[in-house]
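Visitor: Sharing run11.pdb here; it has PDB, C-alpha atoms, pLDDT in the B column.
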ATOM      1  CA  MET A   1      78.635  89.363  87.135  1.00 46.00           C
ATOM      2  CA  GLY A   2      78.396  85.876  85.639  1.00 48.00           C
ATOM      3  CA  SER A   3      80.691  84.408  83.015  1.00 48.00           C
ATOM      4  CA  LYS A   4      82.939  86.942  81.319  1.00 46.00           C
ATOM      5  CA  VAL A   5      84.773  84.621  78.917  1.00 59.00           C
ATOM      6  CA  ASN A   6      83.400  86.641  75.993  1.00 84.00           C
ATOM      7  CA  LEU A   7      85.097  89.830  77.210  1.00 94.00           C
ATOM      8  CA  VAL A   8      87.767  91.244  74.912  1.00 97.00           C
ATOM      9  CA  ILE A   9      90.936  92.976  76.012  1.00 98.00           C
ATOM     10  CA  HIS A  10      91.255  96.611  74.945  1.00 98.00           C
ATOM     11  CA  TRP A  11      94.256  98.840  75.665  1.00 98.00           C
ATOM     12  CA  ASP A  12      94.151 102.518  76.523  1.00 98.00           C
ATOM     13  CA  GLU A  13      96.656 104.185  74.148  1.00 98.00           C
ATOM     14  CA  LYS A  14      98.694 105.755  76.964  1.00 97.00           C
ATOM     15  CA  ALA A  15      98.789 102.482  78.930  1.00 98.00           C
ATOM     16  CA  PHE A  16     100.060 100.630  75.851  1.00 98.00           C
ATOM     17  CA  GLU A  17     102.681 103.309  75.204  1.00 98.00           C
ATOM     18  CA  ASP A  18     103.794 103.182  78.855  1.00 96.00           C
ATOM     19  CA  PHE A  19     104.076  99.379  78.697  1.00 97.00           C
ATOM     20  CA  ILE A  20     106.231  99.557  75.557  1.00 97.00           C
ATOM     21  CA  ASN A  21     108.442 102.202  77.198  1.00 96.00           C
ATOM     22  CA  ILE A  22     108.914 100.080  80.330  1.00 96.00           C
ATOM     23  CA  ILE A  23     109.821  97.006  78.264  1.00 97.00           C
ATOM     24  CA  ASP A  24     112.204  99.093  76.126  1.00 97.00           C
ATOM     25  CA  HIS A  25     113.865 100.416  79.284  1.00 95.00           C
ATOM     26  CA  ILE A  26     114.346  96.889  80.668  1.00 95.00           C
ATOM     27  CA  SER A  27     115.673  95.809  77.268  1.00 97.00           C
ATOM     28  CA  GLN A  28     118.522  98.325  77.479  1.00 96.00           C
ATOM     29  CA  ASN A  29     120.036  96.243  80.304  1.00 95.00           C
ATOM     30  CA  SER A  30     118.755  92.812  79.324  1.00 96.00           C
ATOM     31  CA  PRO A  31     116.818  92.037  76.144  1.00 97.00           C
ATOM     32  CA  ALA A  32     116.154  88.498  77.397  1.00 97.00           C
ATOM     33  CA  ASN A  33     114.718  89.763  80.684  1.00 97.00           C
ATOM     34  CA  ALA A  34     112.556  92.305  78.842  1.00 97.00           C
ATOM     35  CA  LEU A  35     111.092  89.512  76.721  1.00 98.00           C
ATOM     36  CA  SER A  36     110.420  87.379  79.812  1.00 98.00           C
ATOM     37  CA  VAL A  37     108.742  90.252  81.667  1.00 97.00           C
ATOM     38  CA  ARG A  38     106.613  91.081  78.610  1.00 98.00           C
ATOM     39  CA  ARG A  39     105.510  87.449  78.291  1.00 98.00           C
ATOM     40  CA  ARG A  40     104.598  87.128  81.970  1.00 98.00           C
ATOM     41  CA  ILE A  41     102.536  90.337  81.986  1.00 98.00           C
ATOM     42  CA  MET A  42     100.786  89.460  78.714  1.00 98.00           C
ATOM     43  CA  ARG A  43      99.967  85.951  79.964  1.00 98.00           C
ATOM     44  CA  ILE A  44      98.137  87.459  82.965  1.00 98.00           C
ATOM     45  CA  ILE A  45      96.341  90.062  80.814  1.00 98.00           C
ATOM     46  CA  LYS A  46      95.190  87.449  78.283  1.00 97.00           C
ATOM     47  CA  ALA A  47      93.751  85.328  81.111  1.00 97.00           C
ATOM     48  CA  LEU A  48      91.709  88.190  82.631  1.00 97.00           C
ATOM     49  CA  PRO A  49      88.482  87.396  80.702  1.00 96.00           C
ATOM     50  CA  LEU A  50      88.369  83.991  82.431  1.00 94.00           C
ATOM     51  CA  ASN A  51      88.195  85.573  85.889  1.00 95.00           C
ATOM     52  CA  PRO A  52      88.292  89.391  85.772  1.00 96.00           C
ATOM     53  CA  MET A  53      87.580  89.760  89.513  1.00 96.00           C
ATOM     54  CA  ILE A  54      90.626  87.699  90.531  1.00 96.00           C
ATOM     55  CA  PHE A  55      92.722  90.718  91.512  1.00 98.00           C
ATOM     56  CA  ARG A  56      92.142  93.328  94.210  1.00 97.00           C
ATOM     57  CA  VAL A  57      90.279  96.601  93.797  1.00 97.00           C
ATOM     58  CA  ASP A  58      92.633  99.398  92.664  1.00 96.00           C
ATOM     59  CA  GLU A  59      93.028 101.581  95.732  1.00 94.00           C
ATOM     60  CA  LEU A  60      94.679 104.394  93.737  1.00 92.00           C
ATOM     61  CA  LYS A  61      91.635 104.909  91.483  1.00 92.00           C
ATOM     62  CA  MET A  62      89.365 107.646  92.826  1.00 92.00           C
ATOM     63  CA  ASP A  63      85.615 106.897  93.035  1.00 93.00           C
ATOM     64  CA  ASN A  64      86.254 103.232  92.288  1.00 95.00           C
ATOM     65  CA  GLU A  65      83.166 101.099  92.863  1.00 93.00           C
ATOM     66  CA  GLY A  66      85.173  97.936  92.220  1.00 94.00           C
ATOM     67  CA  GLU A  67      85.265  98.029  88.424  1.00 96.00           C
ATOM     68  CA  PHE A  68      88.952  99.037  88.468  1.00 98.00           C
ATOM     69  CA  ARG A  69      91.225  96.198  89.551  1.00 98.00           C
ATOM     70  CA  VAL A  70      95.001  95.967  89.780  1.00 98.00           C
ATOM     71  CA  PHE A  71      97.787  93.410  89.736  1.00 98.00           C
ATOM     72  CA  SER A  72     101.547  93.684  90.023  1.00 96.00           C
ATOM     73  CA  LYS A  73     104.103  91.447  88.375  1.00 96.00           C
ATOM     74  CA  ASP A  74     107.848  92.017  87.950  1.00 95.00           C
ATOM     75  CA  ASN A  75     107.544  95.480  89.542  1.00 93.00           C
ATOM     76  CA  ILE A  76     104.934  96.518  86.979  1.00 96.00           C
ATOM     77  CA  ARG A  77     101.520  97.647  88.220  1.00 96.00           C
ATOM     78  CA  VAL A  78      98.646  97.029  85.787  1.00 98.00           C
ATOM     79  CA  SER A  79      95.273  98.659  86.414  1.00 97.00           C
ATOM     80  CA  TYR A  80      92.287  97.483  84.398  1.00 98.00           C
ATOM     81  CA  LYS A  81      88.594  98.284  84.216  1.00 98.00           C
ATOM     82  CA  ILE A  82      85.932  95.614  83.923  1.00 97.00           C
ATOM     83  CA  GLU A  83      83.241  96.784  81.501  1.00 96.00           C
ATOM     84  CA  SER A  84      80.184  95.000  80.118  1.00 94.00           C
ATOM     85  CA  LYS A  85      81.862  93.776  76.917  1.00 95.00           C
ATOM     86  CA  ARG A  86      85.558  94.358  77.455  1.00 97.00           C
ATOM     87  CA  ILE A  87      88.396  94.679  79.888  1.00 98.00           C
ATOM     88  CA  LEU A  88      90.189  97.976  79.475  1.00 98.00           C
ATOM     89  CA  ILE A  89      93.896  97.983  80.322  1.00 98.00           C
ATOM     90  CA  ALA A  90      93.720 101.462  81.800  1.00 97.00           C
ATOM     91  CA  ARG A  91      97.115 102.183  83.293  1.00 96.00           C
ATOM     92  CA  ILE A  92     100.581 100.641  83.542  1.00 96.00           C
ATOM     93  CA  ARG A  93     103.339 101.958  85.765  1.00 94.00           C
ATOM     94  CA  HIS A  94     106.660 100.642  86.987  1.00 90.00           C
ATOM     95  CA  SER A  95     106.910 100.364  90.756  1.00 82.00           C
ATOM     96  CA  SER A  96     109.879 102.752  90.745  1.00 74.00           C
ATOM     97  CA  GLN A  97     107.462 105.491  89.684  1.00 66.00           C
ATOM     98  CA  GLU A  98     105.711 107.463  92.398  1.00 65.00           C
ATOM     99  CA  PRO A  99     102.246 106.017  93.102  1.00 63.00           C
ATOM    100  CA  ILE A 100      99.720 108.584  91.943  1.00 66.00           C
ATOM    101  CA  VAL A 101      95.997 108.650  92.566  1.00 67.00           C
ATOM    102  CA  TYR A 102      94.083 108.977  89.299  1.00 66.00           C
TER
END
Show me this structure written as structure tokens.
Guide:
Amino acid sequence: MGSKVNLVIHWDEKAFEDFINIIDHISQNSPANALSVRRRIMRIIKALPLNPMIFRVDELKMDNEGEFRVFSKDNIRVSYKIESKRILIARIRHSSQEPIVY
């Protein structure tokens, strides 16, 4: 796939909304922890264009030819799609949620 440094990060609306909801939920118990979790997840997402293939293929994505990848951090599962000009943050779920094929 060559160098992907020029890829931009794009968020699916539902994935962004789910991420905000997860961070808000964590914040109810610990605002400081919510901020730390948010920072750690965002640091990984922002680094994806440097090496988008670094994480494993998302086994919950049906008909996935390898373009959907996934990582987990702080019990949050982030699925993203590698496209020609962008990386789409496709889905975010907390690990306490039932894993669902999509």
Visitor: Identify which of the residues A:Phe71, A:Ile22, A:Arg93, A:Asp63 lies closest to Val37 in chain A, counting all atoms listed in the file when measuring atom-to-atom distances.
Guide: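 The shortest atom-to-atom distance to Val37 in chain A comes from A:Ile22.
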Visitor: If you measure from CA of Lys14 in chain A to CA of Ile76 in chain A, what distance in Å do you get, rounded to one decimal?
Guide: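 Going from CA of Lys14 in chain A over to CA of Ile76 in chain A covers 15.0 Å.
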Visitor: Take CA of Ser95 in chain A and CA of Ser79 in chain A and report the distance between them in Å, one decimal.
Guide: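 Interatomic distance here is 12.5 Å.
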Visitor: When the PyMOL selection byres ((chain A and resi 49) around 12) is applied to the file above, which residues end up in the set, as a count of residues only?
Guide: 31
Visitor: Compare A:Val57, A:His94, A:Asp74, A:Asn64 by their minimum atom-to-atom distance to Asp18 in chain A, counting only C-alpha atoms, and give me the closest one.
Guide: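 When distances to Asp18 in chain A are compared using only C-alpha atoms, the smallest one comes from A:His94.
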Visitor: Rank A:Ile41, A:Val70, A:Ile23, A:Ala90 by their smallest atom-to-atom distance to Phe55 in chain A, using only C-alpha atoms, and report the top residue only.
Guide: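 Nearest to Phe55 in chain A: A:Val70.
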Visitor: To one decimal place, how far is CA of Met62 in chain A from CA of Arg38 in chain A in Å?
Guide: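 If I compute the distance from CA of Met62 in chain A to CA of Arg38 in chain A, I get 27.8 Å.
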Visitor: Specify the axis-aligned box that encloses all atoms of range 55-68 of chain A listed in the file after padding of 5 Å on each side, stating its centre and edge lengths in Å to one decimal as lines of an AutoDock Vina configuration file.
Guide:
center_x = 88.9
center_y = 99.2
center_z = 92.1
size_x = 21.5
size_y = 26.9
size_z = 17.3
Visitor: Compare A:Ile20, A:Val78, A:Met42, A:Ala32 by their minimum atom-to-atom distance to Lys61 in chain A, counting all atoms listed in the file, and give me the closest one.
Guide: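 Using all atoms listed in the file, the shortest distance to Lys61 in chain A belongs to A:Val78.
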Visitor: May I ask which of the residues A:Ser30, A:His25, A:Ser36, A:Asp12 is the closest one to Lys73 in chain A, counting all atoms listed in the file?
Guide: A:Ser36
Visitor: Could you tell me which of A:Arg91, A:Ser96, A:Phe68, A:Glu59 comes closest to Trp11 in chain A if we count all atoms listed in the file?
Guide: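 Comparing A:Arg91, A:Ser96, A:Phe68, A:Glu59 against Trp11 in chain A, the winner is A:Arg91.
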